[in-house]
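Here's the structure we're looking at; comments come further down.
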Amino acid sequence: MIARAAAFALALLASSLLHAGGCFVSATSVAFGSYSEFAPMPTDSVGNVSVTCHGSAGETVAYSIQLSAGVSGSCASRRMRPASGHYGGLNYNLYTTAARTLVWGDGSGGSVTVNDAYTLTGKQVTRNYPVYGRIFARQKARVGTYSDYIVVTLSF
């Protein structure tokens with residue numbers, strides 16, 4: 001039996017790197033690496049969303065971080081598409097914790113957003129929020145590169 005393998009990359013695109021209300025967002029992609037349809041366990045990886053806020057010490061900031069649905073159109077059932085243009089893809093999702101129980105999205109379809117509020121302790125504070133990804137096990141896939149593009153939105 002020959003194992004099929006595919007390489008995966010999931011790009012997290014910050015909706016804006018411009019300052020908005022004293023904060024900006026940046027993101028590091030989730031790179032899954034190789035996948036085998038014969039592996040009994042899911043393929044997991046981690047990316048990151050960083051939020052940096054500027055202001056005066058003692059100032060309070062509050063925001064919400066949303067992740068778009070990607071090409072599938074649904075946060076509940078995200079799907080990476082093959083670069084070859086063939087029909088198909090791989091089901092995966094993005095989560096707020098390492099337990100991978102809460103889908104990180106825009107609040108639709110049972111997904112949740114990540115919310116934070118804190119007091120600035122200096123002129124600049126950066127907080128990191130891991131993005132836990134999972135490709136579900138035992139999916140048939142053609143050999144190739146699969147990807148999806150997720151927009152990260154920071155709302156004040």
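Numbering starts fresh at 1 for the residues of each chain in the structure tokens, the chains themselves are lettered A, B, ... in the order given, and ligands are numbered from 1 as they appear.
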task = Name the residues in contact with Gly70 in chain A at a cut-off of 9 Å, using only C-alpha atoms, excluding same-chain residues fewer than 6 positions from it; report them as an MDAnalysis selection string.
result = chainID A and resid 78:80 148:151
Store the residues of this selection in a file with C-alpha atoms, as a compact mmCIF listing (two decimals), in the first residue's frame.
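After the write, again_0.txt holds the following:
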# COMPACT_ATOMS: atom_id res chain seq x y z
CA ARG A 78 -13.52 24.83 6.73
CA ARG A 79 -11.93 23.17 3.71
CA MET A 80 -8.54 23.63 2.07
CA ASP A 148 -6.89 28.28 2.39
CA TYR A 149 -6.79 31.99 3.16
CA ILE A 150 -8.21 33.25 6.42
CA VAL A 151 -8.65 36.95 7.12
request  = Give the strand (DSSP E) residues of chain A, as assigned by DSSP on the backbone, as JSON, numbers by chain.
outcome  = {"A": [5, 6, 7, 8, 9, 10, 11, 12, 13, 14, 23, 24, 25, 26, 27, 28, 30, 31, 32, 33, 34, 35, 36, 43, 44, 45, 46, 47, 48, 49, 50, 51, 52, 53, 54, 60, 61, 62, 63, 64, 65, 66, 67, 78, 79, 80, 81, 82, 90, 91, 92, 93, 94, 95, 114, 115, 116, 117, 118, 119, 124, 125, 126, 127, 128, 129, 130, 131, 132, 133, 134, 135, 144, 145, 146, 147, 148, 149, 150, 151, 152, 153, 154, 155]}
key: From A:Thr113, A:Thr126, A:Ser29, A:Gln139, residue lying nearest Ser64 in chain A [only C-alpha atoms]   =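 Of A:Thr113, A:Thr126, A:Ser29, A:Gln139, the one nearest Ser64 in chain A is A:Thr113, counting only C-alpha atoms.
For Gly110 in chain A, the set of protein, DNA and RNA residues having any atom at most 12 Å away, when counting only C-alpha atoms and skipping those fewer than 2 positions along the same chain, is Ser74, Cys75, Ala76, Ser77, Tyr95, Thr101, Leu102, Val103, Trp104, Gly105, Asp106, Gly107, Ser108, Val112 and Thr113 of chain A.
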Please produce a file of the residues just selected, as a JSON list (two decimals), in the first residue's frame, where the atoms kept are all heavy atoms.
[["chain", "number", "residue", "atom", "x", "y", "z"],
["A", 74, "SER", "N", -17.84, 28.65, 5.49],
["A", 74, "SER", "CA", -18.41, 28.28, 6.78],
["A", 74, "SER", "C", -17.30, 28.04, 7.80],
["A", 74, "SER", "O", -16.41, 27.22, 7.57],
["A", 74, "SER", "CB", -19.25, 27.01, 6.65],
["A", 74, "SER", "OG", -19.62, 26.54, 7.93],
["A", 75, "CYS", "N", -17.38, 28.73, 8.92],
["A", 75, "CYS", "CA", -16.41, 28.51, 10.00],
["A", 75, "CYS", "C", -16.59, 27.13, 10.61],
["A", 75, "CYS", "O", -15.65, 26.53, 11.13],
["A", 75, "CYS", "CB", -16.58, 29.57, 11.09],
["A", 75, "CYS", "SG", -16.13, 31.23, 10.57],
["A", 76, "ALA", "N", -17.81, 26.59, 10.54],
["A", 76, "ALA", "CA", -18.09, 25.29, 11.13],
["A", 76, "ALA", "C", -17.43, 24.15, 10.36],
["A", 76, "ALA", "O", -17.12, 23.11, 10.93],
["A", 76, "ALA", "CB", -19.59, 25.06, 11.19],
["A", 77, "SER", "N", -17.21, 24.34, 9.06],
["A", 77, "SER", "CA", -16.63, 23.27, 8.24],
["A", 77, "SER", "C", -15.68, 23.85, 7.20],
["A", 77, "SER", "O", -15.99, 23.91, 6.02],
["A", 77, "SER", "CB", -17.74, 22.45, 7.57],
["A", 77, "SER", "OG", -18.53, 23.31, 6.76],
["A", 95, "TYR", "N", -8.93, 26.51, 15.99],
["A", 95, "TYR", "CA", -9.48, 26.49, 17.33],
["A", 95, "TYR", "C", -8.78, 27.50, 18.24],
["A", 95, "TYR", "O", -7.65, 27.90, 17.99],
["A", 95, "TYR", "CB", -9.34, 25.09, 17.93],
["A", 95, "TYR", "CG", -10.02, 24.03, 17.10],
["A", 95, "TYR", "CD1", -9.34, 23.38, 16.07],
["A", 95, "TYR", "CD2", -11.36, 23.70, 17.31],
["A", 95, "TYR", "CE1", -9.97, 22.43, 15.29],
["A", 95, "TYR", "CE2", -11.99, 22.75, 16.54],
["A", 95, "TYR", "CZ", -11.28, 22.11, 15.53],
["A", 95, "TYR", "OH", -11.92, 21.17, 14.75],
["A", 101, "THR", "N", -11.53, 22.35, 20.96],
["A", 101, "THR", "CA", -12.96, 22.15, 21.18],
["A", 101, "THR", "C", -13.80, 23.34, 20.73],
["A", 101, "THR", "O", -14.97, 23.16, 20.39],
["A", 101, "THR", "CB", -13.25, 21.86, 22.67],
["A", 101, "THR", "OG1", -12.68, 22.91, 23.46],
["A", 101, "THR", "CG2", -12.66, 20.52, 23.09],
["A", 102, "LEU", "N", -13.23, 24.55, 20.73],
["A", 102, "LEU", "CA", -13.98, 25.74, 20.33],
["A", 102, "LEU", "C", -13.43, 26.26, 19.00],
["A", 102, "LEU", "O", -12.27, 26.65, 18.90],
["A", 102, "LEU", "CB", -13.86, 26.85, 21.38],
["A", 102, "LEU", "CG", -14.53, 26.56, 22.73],
["A", 102, "LEU", "CD1", -14.20, 27.67, 23.72],
["A", 102, "LEU", "CD2", -16.03, 26.41, 22.56],
["A", 103, "VAL", "N", -14.28, 26.25, 17.97],
["A", 103, "VAL", "CA", -13.88, 26.71, 16.65],
["A", 103, "VAL", "C", -13.75, 28.23, 16.68],
["A", 103, "VAL", "O", -14.67, 28.95, 17.08],
["A", 103, "VAL", "CB", -14.91, 26.28, 15.58],
["A", 103, "VAL", "CG1", -14.59, 26.92, 14.23],
["A", 103, "VAL", "CG2", -14.95, 24.77, 15.48],
["A", 104, "TRP", "N", -12.59, 28.73, 16.22],
["A", 104, "TRP", "CA", -12.35, 30.17, 16.16],
["A", 104, "TRP", "C", -12.84, 30.68, 14.82],
["A", 104, "TRP", "O", -12.40, 30.24, 13.77],
["A", 104, "TRP", "CB", -10.86, 30.42, 16.31],
["A", 104, "TRP", "CG", -10.47, 31.85, 16.53],
["A", 104, "TRP", "CD1", -11.23, 32.97, 16.35],
["A", 104, "TRP", "CD2", -9.19, 32.31, 16.97],
["A", 104, "TRP", "NE1", -10.51, 34.10, 16.66],
["A", 104, "TRP", "CE2", -9.25, 33.71, 17.05],
["A", 104, "TRP", "CE3", -8.01, 31.67, 17.31],
["A", 104, "TRP", "CZ2", -8.16, 34.49, 17.44],
["A", 104, "TRP", "CZ3", -6.94, 32.44, 17.70],
["A", 104, "TRP", "CH2", -7.01, 33.83, 17.76],
["A", 105, "GLY", "N", -13.80, 31.59, 14.88],
["A", 105, "GLY", "CA", -14.38, 32.13, 13.66],
["A", 105, "GLY", "C", -14.87, 33.54, 13.86],
["A", 105, "GLY", "O", -14.23, 34.36, 14.52],
["A", 106, "ASP", "N", -16.07, 33.79, 13.33],
["A", 106, "ASP", "CA", -16.65, 35.14, 13.40],
["A", 106, "ASP", "C", -17.91, 35.18, 14.26],
["A", 106, "ASP", "O", -18.65, 36.16, 14.24],
["A", 106, "ASP", "CB", -16.94, 35.65, 11.99],
["A", 106, "ASP", "CG", -17.90, 34.75, 11.22],
["A", 106, "ASP", "OD1", -18.47, 33.80, 11.82],
["A", 106, "ASP", "OD2", -18.07, 34.98, 10.01],
["A", 107, "GLY", "N", -18.17, 34.10, 14.99],
["A", 107, "GLY", "CA", -19.36, 34.03, 15.82],
["A", 107, "GLY", "C", -20.53, 33.33, 15.15],
["A", 107, "GLY", "O", -21.54, 33.06, 15.78],
["A", 108, "SER", "N", -20.39, 33.00, 13.87],
["A", 108, "SER", "CA", -21.47, 32.30, 13.16],
["A", 108, "SER", "C", -21.24, 30.79, 13.19],
["A", 108, "SER", "O", -20.13, 30.32, 13.42],
["A", 108, "SER", "CB", -21.55, 32.78, 11.70],
["A", 108, "SER", "OG", -20.39, 32.37, 11.00],
["A", 112, "VAL", "N", -16.63, 30.85, 17.74],
["A", 112, "VAL", "CA", -16.46, 31.90, 18.73],
["A", 112, "VAL", "C", -15.39, 32.89, 18.26],
["A", 112, "VAL", "O", -14.57, 32.57, 17.41],
["A", 112, "VAL", "CB", -16.06, 31.33, 20.12],
["A", 112, "VAL", "CG1", -17.14, 30.41, 20.65],
["A", 112, "VAL", "CG2", -14.73, 30.62, 20.06],
["A", 113, "THR", "N", -15.43, 34.07, 18.84],
["A", 113, "THR", "CA", -14.37, 35.05, 18.62],
["A", 113, "THR", "C", -13.51, 35.08, 19.88],
["A", 113, "THR", "O", -13.93, 34.61, 20.94],
["A", 113, "THR", "CB", -14.94, 36.46, 18.34],
["A", 113, "THR", "OG1", -15.70, 36.87, 19.48],
["A", 113, "THR", "CG2", -15.82, 36.46, 17.10]]
request  = Would you kindly return, as a PyMOL selection string, each protein, DNA or RNA residue with an atom no farther than 7 Å from any atom of Gly58 in chain A, considering only C-alpha atoms and excluding same-chain residues fewer than 4 positions away?
outcome  = chain A and resi 119-121
Once you have the residues from the selection above, write them out as a PDB file, in the first residue's frame, restricted to N, CA, C and O atoms.
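What follows is the written file part-v2.pdb:
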ATOM      1  N   THR A 119      -5.458  46.706  30.828  1.00  0.00           N
ATOM      2  CA  THR A 119      -4.919  48.036  31.041  1.00  0.00           C
ATOM      3  C   THR A 119      -3.470  48.043  30.581  1.00  0.00           C
ATOM      4  O   THR A 119      -2.696  47.152  30.953  1.00  0.00           O
ATOM      5  N   LEU A 120      -3.112  49.018  29.782  1.00  0.00           N
ATOM      6  CA  LEU A 120      -1.736  49.129  29.302  1.00  0.00           C
ATOM      7  C   LEU A 120      -0.805  49.409  30.483  1.00  0.00           C
ATOM      8  O   LEU A 120      -1.094  50.260  31.317  1.00  0.00           O
ATOM      9  N   THR A 121       0.287  48.678  30.529  1.00  0.00           N
ATOM     10  CA  THR A 121       1.264  48.875  31.603  1.00  0.00           C
ATOM     11  C   THR A 121       2.438  49.725  31.152  1.00  0.00           C
ATOM     12  O   THR A 121       3.271  50.109  31.964  1.00  0.00           O
TER      13      THR A 121
END
query = When distances are computed from only C-alpha atoms, which of A:Asn115, A:Thr145, A:Asn128, A:Ser45 shows the smallest separation from Asn93 in chain A?
reply =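 Of all the options, A:Ser45 lies closest to Asn93 in chain A.
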inquiry  = When you look at Thr28 in chain A with a cut-off of 7 Å (counting only C-alpha atoms), what residues show up, excluding the ones that are within fewer than 2 positions of it in the same chain? I need them as a list in words.
reply    =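 Residues near the query, excluding close chain neighbours: Leu12, Val30, Gly47, Asn48 and Val49 of chain A.
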message = Give me, as number ranges by chain, all polymer residues having an atom no more than 12 Å from Pro42 in chain A, counting only C-alpha atoms and skipping those fewer than 4 positions away in the same chain.
response = A: 32, 34-38, 90-93, 100, 133-139
Residues within 10 Å of Ala62 in chain A, please, as a PDB file with N, CA and C atoms, in the first residue's frame. Count only C-alpha atoms; anything in the same chain fewer than 3 positions from it doesn't count.
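Here's the written file result_3.pdb:
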ATOM      1  N   CYS A  23      -4.230  50.150  18.089  1.00  0.00           N
ATOM      2  CA  CYS A  23      -3.834  48.741  18.025  1.00  0.00           C
ATOM      3  C   CYS A  23      -3.684  48.295  16.576  1.00  0.00           C
ATOM      4  N   CYS A  53      -0.897  47.032  20.991  1.00  0.00           N
ATOM      5  CA  CYS A  53      -1.623  48.268  21.274  1.00  0.00           C
ATOM      6  C   CYS A  53      -0.670  49.305  21.848  1.00  0.00           C
ATOM      7  N   ASN A 115     -11.904  37.448  22.607  1.00  0.00           N
ATOM      8  CA  ASN A 115     -12.060  38.802  23.149  1.00  0.00           C
ATOM      9  C   ASN A 115     -11.048  39.021  24.258  1.00  0.00           C
ATOM     10  N   ASP A 116     -10.556  40.241  24.344  1.00  0.00           N
ATOM     11  CA  ASP A 116      -9.601  40.562  25.399  1.00  0.00           C
ATOM     12  C   ASP A 116      -9.781  42.017  25.801  1.00  0.00           C
ATOM     13  N   ALA A 117      -9.479  42.307  27.042  1.00  0.00           N
ATOM     14  CA  ALA A 117      -9.494  43.672  27.567  1.00  0.00           C
ATOM     15  C   ALA A 117      -8.455  43.733  28.682  1.00  0.00           C
ATOM     16  N   TYR A 118      -7.681  44.800  28.683  1.00  0.00           N
ATOM     17  CA  TYR A 118      -6.645  44.952  29.702  1.00  0.00           C
ATOM     18  C   TYR A 118      -6.214  46.407  29.783  1.00  0.00           C
ATOM     19  N   THR A 119      -5.458  46.706  30.828  1.00  0.00           N
ATOM     20  CA  THR A 119      -4.919  48.036  31.041  1.00  0.00           C
ATOM     21  C   THR A 119      -3.470  48.043  30.581  1.00  0.00           C
ATOM     22  N   SER A 155     -11.486  43.975  15.900  1.00  0.00           N
ATOM     23  CA  SER A 155     -12.584  44.937  16.108  1.00  0.00           C
ATOM     24  C   SER A 155     -12.487  45.551  17.491  1.00  0.00           C
ATOM     25  N   PHE A 156     -12.712  46.887  17.548  1.00  0.00           N
ATOM     26  CA  PHE A 156     -12.657  47.608  18.825  1.00  0.00           C
ATOM     27  C   PHE A 156     -14.024  47.946  19.305  1.00  0.00           C
TER      28      PHE A 156
END
key: Point-to-point distance from CA of His54 in chain A to CA of Tyr129 in chain A, Å rounded to tenths   = 17.6 Å
note = Residue with the minimum atom-to-atom distance to Val152 in chain A, picked from A:Met41, A:Lys123, A:Gly33, A:Val114 with only C-alpha atoms counted, is A:Val114
inquiry  = So, with only C-alpha atoms as the atoms that count, which of A:Gly85, A:Gly55, A:Gly22, A:Pro40 lies closest to Ser147 in chain A?
reply    = A:Gly85
request  = May I ask for the distance between CA of Ser26 in chain A and CA of Thr97 in chain A, given in Å to one decimal place?
outcome  =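 CA of Thr97 in chain A lies at a distance of 18.9 Å from CA of Ser26 in chain A.
Residue nearest Ser50 in chain A within the list A:Ala99, A:Leu94, A:Val131, A:Ala83: A:Val131 [criterion: smallest interatomic distance, only C-alpha atoms].
We find CA of Glu59 in chain A and CA of Ala27 in chain A to be spaced 24.4 Å apart.
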